[in-house]
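Contents: one structure, followed by commentary.
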4 protein chains.
Amino acid sequence: MQENNDTPQDGTNKASKGGLIYGDYLQLDKIINAQELQSEKKGNKIHDEHLFIITHQAYELWFKQILWELDSVREIFLNGHVRDERNMLKVVSRINRIATIFKLLVDHFAVLETMTSLDFFDFRNYLVPASGFQSLQFRLLENKIGVPENLRVPYNRKHYRDNFRGKANEFLCRSELEPTLLQLVEQWLERTPGLEPDGYNFWGKLKINIERGLNEEFTDIQSKATFEEKEDMLLEFNRRKEVLMSMFDEKRHEHLLSKGERRISYKALQGALMIFFYREEPRFQVPFQLLNSLMDIDALVMKWRHNHVCTVQRMIGSKGGTGGSSGYLYLRSTLSDRYKVFVDLFNLANFLVPRHWIPKLTSSIHKFLYTAECCDSSYFSSDESD
Amino acid sequence: MQENNDTPQDGTNKASKGGLIYGDYLQLDKIINAQELQSEKKGNKIHDEHLFIITHQAYELWFKQILWELDSVREIFLNGHVRDERNMLKVVSRINRIATIFKLLVDHFAVLETMTSLDFFDFRNYLVPASGFQSLQFRLLENKIGVPENLRVPYNRKHYRDNFRGKANEFLCRSELEPTLLQLVEQWLERTPGLEPDGYNFWGKLKINIERGLNEEFTDIQSKATFEEKEDMLLEFNRRKEVLMSMFDEKRHEHLLSKGERRISYKALQGALMIFFYREEPRFQVPFQLLNSLMDIDALVMKWRHNHVCTVQRMIGSKGGTGGSSGYLYLRSTLSDRYKVFVDLFNLANFLVPRHWIPKLTSSIHKFLYTAECCDSSYFSSDESD
Amino acid sequence: MQENNDTPQDGTNKASKGGLIYGDYLQLDKIINAQELQSEKKGNKIHDEHLFIITHQAYELWFKQILWELDSVREIFLNGHVRDERNMLKVVSRINRIATIFKLLVDHFAVLETMTSLDFFDFRNYLVPASGFQSLQFRLLENKIGVPENLRVPYNRKHYRDNFRGKANEFLCRSELEPTLLQLVEQWLERTPGLEPDGYNFWGKLKINIERGLNEEFTDIQSKATFEEKEDMLLEFNRRKEVLMSMFDEKRHEHLLSKGERRISYKALQGALMIFFYREEPRFQVPFQLLNSLMDIDALVMKWRHNHVCTVQRMIGSKGGTGGSSGYLYLRSTLSDRYKVFVDLFNLANFLVPRHWIPKLTSSIHKFLYTAECCDSSYFSSDESD
Amino acid sequence: MQENNDTPQDGTNKASKGGLIYGDYLQLDKIINAQELQSEKKGNKIHDEHLFIITHQAYELWFKQILWELDSVREIFLNGHVRDERNMLKVVSRINRIATIFKLLVDHFAVLETMTSLDFFDFRNYLVPASGFQSLQFRLLENKIGVPENLRVPYNRKHYRDNFRGKANEFLCRSELEPTLLQLVEQWLERTPGLEPDGYNFWGKLKINIERGLNEEFTDIQSKATFEEKEDMLLEFNRRKEVLMSMFDEKRHEHLLSKGERRISYKALQGALMIFFYREEPRFQVPFQLLNSLMDIDALVMKWRHNHVCTVQRMIGSKGGTGGSSGYLYLRSTLSDRYKVFVDLFNLANFLVPRHWIPKLTSSIHKFLYTAECCDSSYFSSDESD
């Protein structure tokens, strides 16, 4: 009753003469003939190894798709196509697609967890030293999004890249040199219209407003009746003031950058906050969606890592690991904020202020924010034709 | 920035000397080099075709896994291994796994739907006449679960099987001749302990109890005060009586069987109801879980079909379809109860009765239901050794 | 060990002096003291009735939230606020939120299905004649989205509204008179810039292009070599031509409208197709997202209905139903396209054409589509202040 | 268009004369009239506060359901009903239900995250000092499952319980004194048949087999050819030997218990491992499912915590927190293994051995494991009656 060597899908080849066949199009002869059980090869076929293979192959298929989307988005940014704002829909849709795929990948663990630790134990020794760590596509994906090489946790006491050889190692090197999604988004944020110090000067205006706002708050508190209340309020006020004013401390920003606690330039941070505050302006609506979707991806990668850790703890406990890795403990260490690429976007929430503190748009910048930029003059036809 | 011909995963091959490599084990050279865009081949590369290919390949990977589980469960039933009740855990776990996979497959549509109808239109003509209908694995899966050949909706005015040729057609023929999961479960249900007319005689006892219960209800209603109330209650009572008594009409059962409205034998139906009613008896706990999981699978296949219809309507509207099929309308027709395999289990809910109408177990059958059956006398060691 | 009358949450009231308390804020004294088991009241406490109550209460909480979002979106449209395109982000975000909630509601059935038909049978008679059909909020939700009163399936042989009395009936009447989301979107679509016959004249241009395109295709086919091939191609060509040209048949549109097979005006249909074709223009990006999200809602409501049917069949079979309804069969009938509100958006997929058939934008309309409309001149400050 | 004071559901009250009404049954007058926006009360109605309230109310509804199930399961264990193995189906079904609910709760965050940090900022000051930490039901739930009081992270520098006053504090105290699910499962595991040192003596047999197995492995390695290979293998062998032999070190177990790194008694651990190894024996099938489901709950609570942290970081950044808590950082600290209740079950995976090392069952114990225990002699009728 099991699949034979002449597997079912072969038969579809001649299903209709001429024209494309479903099975050929999808190259099913490759896809569904790529499951070879090590346990069977060693003469002790274990039923559940098939699930293990299929799940990992499904992961790799989707990693390929994510890389496909990631590369296309990076290309749009890289070639400056994003300056023509017609491309923003494409960018945000593809980033959303990556998020949707990652949601699905998180759910894959539910399937893998139908295999108990006992079922896994029956064949896991056959897999040594292969290990999920060796997924080249996942490492590329991390690199291309922007996990920084110097913040990575070593694996088996080696630099992560030293676990790969030959072409794989080259691919990784190359991916580290290419501009990451993070860097491309950073450059794009730096160009946010309205940041120009000699123009709308968002940052300068914001600083003035925040200082004024804080002063008013302080006066308010001082005029409060009871001493006790006042003390608590001042404590809280000072805490808040410190956080808000720290925003304008460029040196501190550089320091945090050097430690890896911030990841984007001072100017890009300003651009991101500006988009946050004026998200309803027509030109900022889709950029705001984009910032949200980037946070989605970060959060979903974290959920994927967390679910991975849970599954691994269940399968092999806290001690084991194929491929010689420390398994559970290694994976736990990747749950830290070091692996969160767009951490600065999350932390914008630290810098929010009441709506009436946000600088009011002037009519010129306002008009500007209603008008999108188009770079491709050859795009449309002249009025008379077509 | 796009993947080259010498794709990343090639490099992993020599990642460590000796021992199994992740990429080799998973045959990633096949898996992630099997995406060839027809649009690109025709000189008009459409970005989203990649998603279309990956999604369908992921589906086929999982169909293979489902067939793997399905075949293994059928083998256990077929070889009588299920008589040794130690095998029940395996059976119910694997059926549950199939359900878990189907849940994941339903969620796959969310990813596919990130492609809009416009994106699909850009390349769908390149795919003609390939069509999802031609998925051999899905047809096999339906056959092996038990979708009856004679209840199938024709496709392109042809018998479903005539859309496949060569070996694929043979595989389908063969799968129609093999015992389906439905048939194997039916035979197993027929052996439910307690059905023996000369033994515990569950069916006989149940009939007596139901008749007695209904009589008591009727007397109760008669003694009710107001005329109006009585009328309504009698109406409802007669409706219920008819439904309940129809259970014991074997001829009607055979008639419904011949029309495809019921699918399992009269005796199997009795077994299923017996397991329902006495599900808490130790020997019936896992069998009861199994019946529930079989309904899960049926319901999930239906949800998969329903989601498929929704996606297709969105992608191609009500008119189109690759492969010349009527697309949307064909798929809609597969949503009927004809494609529900374990419909009898769902309909057991029609035949439920108050707990005190259920025949009380006698001590002998009770004891029996606490004792599992073991067929494999060679299994355990003799008392002295080990 | 069970909750007492003096339930836990009471205690939180004094958790900290002054200030708002979590339990008070959420009015938990109401929320978690609103579970009264009918079975317990009748002296036969059935454990699972608690789950039944909680699940339905959770549904009603979320229905309230959906109505909240729906009303706010309708208000934006109704008050013309949508003309100021700054409001589009709000509209599309809230429609997306409704979709996200519906996804969650679909998943609620998994929890309800942990209750088997037997568990439900133990208490379902205590609930008669209450029925889920009586959910006023769900009927309001359908009305406000735009399920048309005259296409509704009767329930218990009565007009749906006659199953409600007093204020509930009034609320339903009123909701039928209010503009539905469908109607508001229709009016908005009719104003799509570029539709003006004396302006860009999208529809006129499109018709010309399609006719030209079809003629070229016909000539191509005629010049083909073999007779057989030609015949097939002509057949397919004529089918396509008929579908495409039917677009421009206004009488047919009115006819389909009168039958309920189309739901939006001829002009609105044009607007929707225009947004589809030019979705990448800055002004159309968010409107295009909106059209997609409206389809999401329609599809998700359908999935909710479908899952509901599956759960009901499992719980009560094909015969029963609390509240005297025909249950399963009634619900099945609501799965038809009659209950799909934005069916015209789905069917736009019938009318897609190759990209080069789409009229090229003229530079004036193109510029126009880069510039959003703002109505609220009082919104921004003058250049000097702030 | 907004809901009025005389809300819709009031009207359903008289929907049909006599009989139960849907809205009354569900007490919808309470449920959907319990949303009062603090922002509105303060004269500045913020649309999104409604979502915030509804989401938290939905959480509390489900917490109530989880407590309902948890209490019922604990009662079954507490009253010794679990000795009658007919109750195992109920226990495992209810634990599964809790897991299913938690899955749904994890998905709730997707809805809450449709609210951006900016939307939240608009009203979050109105909520001070209310905080999610104050959810009494969630603390009860943790206590009843078995989060140990002494391993809890302090909150606002106070013992967790000191953040609650009055009755809430009492409820928490009481819940700490009641037997937890963990303790009840522990006691049940200690009674696993086959552990008796003077009977089947599983632990003794296992120790002998493991020692013998390790010796054989050692001999195997010694006879290996190359020196290099040998060294690596010995290293790995010793690591494994240490882990496996540590199992039998009762003193070490007591030490780990005292540090909170293990949570169940030495004997209970033996019982759990025995159920793992002999899970296919009829009497162990449902117990094995139970152990798996308990791990599910633990893992899902962890996923809930992790998703909570992600949402909070997004909403308020790393600095803020209503209720004066450190918010993000506090929540991060609850992600540690200290909050994992059934950590010992996960770590069983450390102690797995090849199948042929597992002691073979003797025929007497084998027979025993095919026979379930029934304690309720009054349960069944005598043979003659009924």
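Identifiers in this document derive from the order of the structure tokens: chains are assigned A, B, ..., residues are numbered from 1 separately in each chain, and ligands are numbered from 1 in order of occurrence.
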
Problem - Glu60 (chain D) surroundings by only C-alpha atoms, 12 Å radius, close-in-sequence under 4 positions cut, as a ChimeraX atom specification - result: /C:8-9,22-23,26-33,54,57-58,61 /D:31,53-56,64-67,105,132,134-141

Create the file for the chosen residues now, containing C-alpha atoms and written as an mmCIF file, in the first residue's frame.
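Output file selection.cif is given in full below:
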```
data_model
loop_
_atom_site.group_PDB
_atom_site.id
_atom_site.type_symbol
_atom_site.label_atom_id
_atom_site.label_comp_id
_atom_site.auth_asym_id
_atom_site.auth_seq_id
_atom_site.Cartn_x
_atom_site.Cartn_y
_atom_site.Cartn_z
ATOM 1 C CA PRO C 8 -13.187 36.571 43.093
ATOM 2 C CA GLN C 9 -13.318 39.770 41.124
ATOM 3 C CA TYR C 22 -8.728 46.868 36.438
ATOM 4 C CA GLY C 23 -11.812 44.932 37.522
ATOM 5 C CA LEU C 26 -13.793 46.256 32.743
ATOM 6 C CA GLN C 27 -16.977 45.896 34.808
ATOM 7 C CA LEU C 28 -15.991 42.346 35.578
ATOM 8 C CA ASP C 29 -18.753 42.106 38.150
ATOM 9 C CA LYS C 30 -21.114 42.050 35.188
ATOM 10 C CA ILE C 31 -18.972 40.134 32.745
ATOM 11 C CA ILE C 32 -17.987 37.167 34.867
ATOM 12 C CA ASN C 33 -21.174 36.936 36.881
ATOM 13 C CA ILE C 54 -19.129 31.605 27.486
ATOM 14 C CA GLN C 57 -21.071 35.604 25.139
ATOM 15 C CA ALA C 58 -17.649 35.942 23.559
ATOM 16 C CA LEU C 61 -18.814 40.814 22.732
ATOM 17 C CA ILE D 31 -22.450 41.548 28.687
ATOM 18 C CA ILE D 53 -12.121 46.980 26.690
ATOM 19 C CA ILE D 54 -13.715 44.273 24.587
ATOM 20 C CA THR D 55 -10.450 42.370 24.179
ATOM 21 C CA HIS D 56 -9.790 42.326 27.888
ATOM 22 C CA LYS D 64 -13.433 32.075 33.752
ATOM 23 C CA GLN D 65 -13.986 29.108 31.453
ATOM 24 C CA ILE D 66 -10.463 27.864 32.030
ATOM 25 C CA LEU D 67 -10.950 28.084 35.802
ATOM 26 C CA LEU D 105 -6.244 33.361 23.458
ATOM 27 C CA GLY D 132 -3.475 43.842 33.428
ATOM 28 C CA GLN D 134 -4.461 43.064 38.421
ATOM 29 C CA SER D 135 -6.332 40.295 36.634
ATOM 30 C CA LEU D 136 -7.298 38.174 39.610
ATOM 31 C CA GLN D 137 -8.498 35.344 37.434
ATOM 32 C CA PHE D 138 -5.160 35.015 35.681
ATOM 33 C CA ARG D 139 -3.302 34.869 39.000
ATOM 34 C CA LEU D 140 -5.770 32.227 40.254
ATOM 35 C CA LEU D 141 -5.282 30.276 37.074
#
```

Problem - Counting only C-alpha atoms, chain A residues within 10 Å of chain D, as an MDAnalysis selection string - result: chainID A and resid 113:114 116:118 120:123 236 239:240 243 276:277 279 292 295:296 298:300 302:303 306:307 310:320 324 343:355

Might you pull out every residue within 9 Å of Thr334 (chain D), with only C-alpha atoms counted and same-chain residues fewer than 3 positions away left off, and present them as a PDB file with C-alpha atoms, in the first residue's frame?
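For reference, around-v2.pdb as written:
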```
ATOM      1  CA  ARG D 152       7.259  34.421  41.227  1.00  0.00           C
ATOM      2  CA  VAL D 153       8.890  37.628  40.067  1.00  0.00           C
ATOM      3  CA  MET D 302       4.371  30.369  27.574  1.00  0.00           C
ATOM      4  CA  ARG D 305       3.194  35.226  27.747  1.00  0.00           C
ATOM      5  CA  HIS D 306       5.565  35.643  24.824  1.00  0.00           C
ATOM      6  CA  TYR D 330       8.397  42.682  34.149  1.00  0.00           C
ATOM      7  CA  LEU D 331       6.663  40.582  31.539  1.00  0.00           C
ATOM      8  CA  ASP D 337      11.451  28.311  32.921  1.00  0.00           C
ATOM      9  CA  ARG D 338      10.494  29.215  36.475  1.00  0.00           C
ATOM     10  CA  TYR D 339       6.975  29.786  35.225  1.00  0.00           C
TER      11      TYR D 339
END
```

Handout entry: alpha helix (DSSP H) call set, DSSP backbone run, region 128-220 of chain A, as number ranges by chain
Key = A: 136-145, 166-177, 181-190, 202-220

Problem - Selection near Gln38 (chain D), 10 Å with only C-alpha atoms, sequence-local residues under 3 positions removed, as a list in words - result: Leu20 and Tyr25 of chain C; Gln35, Lys41, Lys42, Gly43, Asn44, Lys45, Ile46, Glu49, His50, Phe123, Arg124, Asn125, Tyr126 and Leu127 of chain D

Exercise for the section: Would you mind listing what lies within 12 Å of Glu149 (chain D) as an NGL selection string, with only C-alpha atoms counted and same-chain residues fewer than 2 positions away left out? Expected result: :D and (139-140 or 142-147 or 151-154 or 159-161 or 172-173 or 175-177 or 180 or 260 or 338-339 or 341)

For the residues in the current selection, export N, CA and C atoms as a PDB file, in the first residue's frame.
```pdb
ATOM      1  N   ARG D 139      -4.153  35.301  37.880  1.00  0.00           N
ATOM      2  CA  ARG D 139      -3.302  34.869  39.000  1.00  0.00           C
ATOM      3  C   ARG D 139      -3.847  33.568  39.602  1.00  0.00           C
ATOM      4  N   LEU D 140      -5.173  33.464  39.724  1.00  0.00           N
ATOM      5  CA  LEU D 140      -5.770  32.227  40.254  1.00  0.00           C
ATOM      6  C   LEU D 140      -5.442  31.046  39.347  1.00  0.00           C
ATOM      7  N   GLU D 142      -2.915  30.708  37.352  1.00  0.00           N
ATOM      8  CA  GLU D 142      -1.518  30.310  37.536  1.00  0.00           C
ATOM      9  C   GLU D 142      -1.358  29.490  38.810  1.00  0.00           C
ATOM     10  N   ASN D 143      -1.972  29.971  39.890  1.00  0.00           N
ATOM     11  CA  ASN D 143      -1.853  29.255  41.163  1.00  0.00           C
ATOM     12  C   ASN D 143      -2.443  27.862  41.075  1.00  0.00           C
ATOM     13  N   LYS D 144      -3.600  27.754  40.454  1.00  0.00           N
ATOM     14  CA  LYS D 144      -4.280  26.463  40.428  1.00  0.00           C
ATOM     15  C   LYS D 144      -3.565  25.460  39.535  1.00  0.00           C
ATOM     16  N   ILE D 145      -2.927  25.939  38.488  1.00  0.00           N
ATOM     17  CA  ILE D 145      -2.100  25.026  37.687  1.00  0.00           C
ATOM     18  C   ILE D 145      -0.869  24.634  38.494  1.00  0.00           C
ATOM     19  N   GLY D 146      -0.255  25.618  39.142  1.00  0.00           N
ATOM     20  CA  GLY D 146       0.888  25.264  39.982  1.00  0.00           C
ATOM     21  C   GLY D 146       2.111  26.162  39.854  1.00  0.00           C
ATOM     22  N   VAL D 147       1.942  27.418  39.421  1.00  0.00           N
ATOM     23  CA  VAL D 147       3.073  28.340  39.478  1.00  0.00           C
ATOM     24  C   VAL D 147       3.382  28.557  40.960  1.00  0.00           C
ATOM     25  N   LEU D 151       8.589  31.243  43.505  1.00  0.00           N
ATOM     26  CA  LEU D 151       9.399  31.467  42.305  1.00  0.00           C
ATOM     27  C   LEU D 151       8.896  32.663  41.500  1.00  0.00           C
ATOM     28  N   ARG D 152       7.837  33.307  41.974  1.00  0.00           N
ATOM     29  CA  ARG D 152       7.259  34.421  41.227  1.00  0.00           C
ATOM     30  C   ARG D 152       8.168  35.650  41.259  1.00  0.00           C
ATOM     31  N   VAL D 153       8.177  36.362  40.153  1.00  0.00           N
ATOM     32  CA  VAL D 153       8.890  37.628  40.067  1.00  0.00           C
ATOM     33  C   VAL D 153       8.087  38.684  40.824  1.00  0.00           C
ATOM     34  N   PRO D 154       8.746  39.484  41.672  1.00  0.00           N
ATOM     35  CA  PRO D 154       7.999  40.546  42.353  1.00  0.00           C
ATOM     36  C   PRO D 154       7.495  41.558  41.326  1.00  0.00           C
ATOM     37  N   HIS D 159       5.622  41.681  46.706  1.00  0.00           N
ATOM     38  CA  HIS D 159       5.142  40.318  46.508  1.00  0.00           C
ATOM     39  C   HIS D 159       3.876  40.398  45.657  1.00  0.00           C
ATOM     40  N   TYR D 160       3.746  39.472  44.713  1.00  0.00           N
ATOM     41  CA  TYR D 160       2.629  39.569  43.762  1.00  0.00           C
ATOM     42  C   TYR D 160       1.293  39.741  44.486  1.00  0.00           C
ATOM     43  N   ARG D 161       1.159  39.059  45.638  1.00  0.00           N
ATOM     44  CA  ARG D 161      -0.139  39.039  46.298  1.00  0.00           C
ATOM     45  C   ARG D 161      -0.475  40.386  46.943  1.00  0.00           C
ATOM     46  N   LEU D 172      -6.626  34.619  46.606  1.00  0.00           N
ATOM     47  CA  LEU D 172      -5.284  34.196  46.204  1.00  0.00           C
ATOM     48  C   LEU D 172      -4.641  33.332  47.282  1.00  0.00           C
ATOM     49  N   CYS D 173      -4.764  33.769  48.544  1.00  0.00           N
ATOM     50  CA  CYS D 173      -4.232  32.970  49.650  1.00  0.00           C
ATOM     51  C   CYS D 173      -4.821  31.575  49.624  1.00  0.00           C
ATOM     52  N   SER D 175      -6.196  29.978  47.211  1.00  0.00           N
ATOM     53  CA  SER D 175      -5.793  29.179  46.045  1.00  0.00           C
ATOM     54  C   SER D 175      -4.380  28.629  46.221  1.00  0.00           C
ATOM     55  N   GLU D 176      -3.564  29.331  47.005  1.00  0.00           N
ATOM     56  CA  GLU D 176      -2.205  28.822  47.243  1.00  0.00           C
ATOM     57  C   GLU D 176      -2.213  27.610  48.163  1.00  0.00           C
ATOM     58  N   LEU D 177      -3.243  27.533  48.992  1.00  0.00           N
ATOM     59  CA  LEU D 177      -3.324  26.413  49.937  1.00  0.00           C
ATOM     60  C   LEU D 177      -3.953  25.172  49.314  1.00  0.00           C
ATOM     61  N   THR D 180      -2.647  21.996  43.915  1.00  0.00           N
ATOM     62  CA  THR D 180      -2.567  22.455  42.532  1.00  0.00           C
ATOM     63  C   THR D 180      -2.732  21.279  41.578  1.00  0.00           C
ATOM     64  N   GLY D 260      13.863  24.332  42.851  1.00  0.00           N
ATOM     65  CA  GLY D 260      12.767  24.617  41.936  1.00  0.00           C
ATOM     66  C   GLY D 260      13.058  24.203  40.504  1.00  0.00           C
ATOM     67  N   ARG D 338      11.093  29.232  35.140  1.00  0.00           N
ATOM     68  CA  ARG D 338      10.494  29.215  36.475  1.00  0.00           C
ATOM     69  C   ARG D 338       8.974  29.173  36.411  1.00  0.00           C
ATOM     70  N   TYR D 339       8.430  29.740  35.361  1.00  0.00           N
ATOM     71  CA  TYR D 339       6.975  29.786  35.225  1.00  0.00           C
ATOM     72  C   TYR D 339       6.422  28.582  34.462  1.00  0.00           C
ATOM     73  N   VAL D 341       5.322  25.013  34.589  1.00  0.00           N
ATOM     74  CA  VAL D 341       4.893  24.156  35.693  1.00  0.00           C
ATOM     75  C   VAL D 341       5.307  22.701  35.488  1.00  0.00           C
TER      76      VAL D 341
END
```

Problem - Selection: 9 Å around region 184-194 of chain C, only C-alpha atoms, excl. self and same-chain fewer than 2 positions, as a ChimeraX atom specification - result: /C:74,77-78,82-83,179-182,196-197,199-203,263-272,274-275,365,368-369
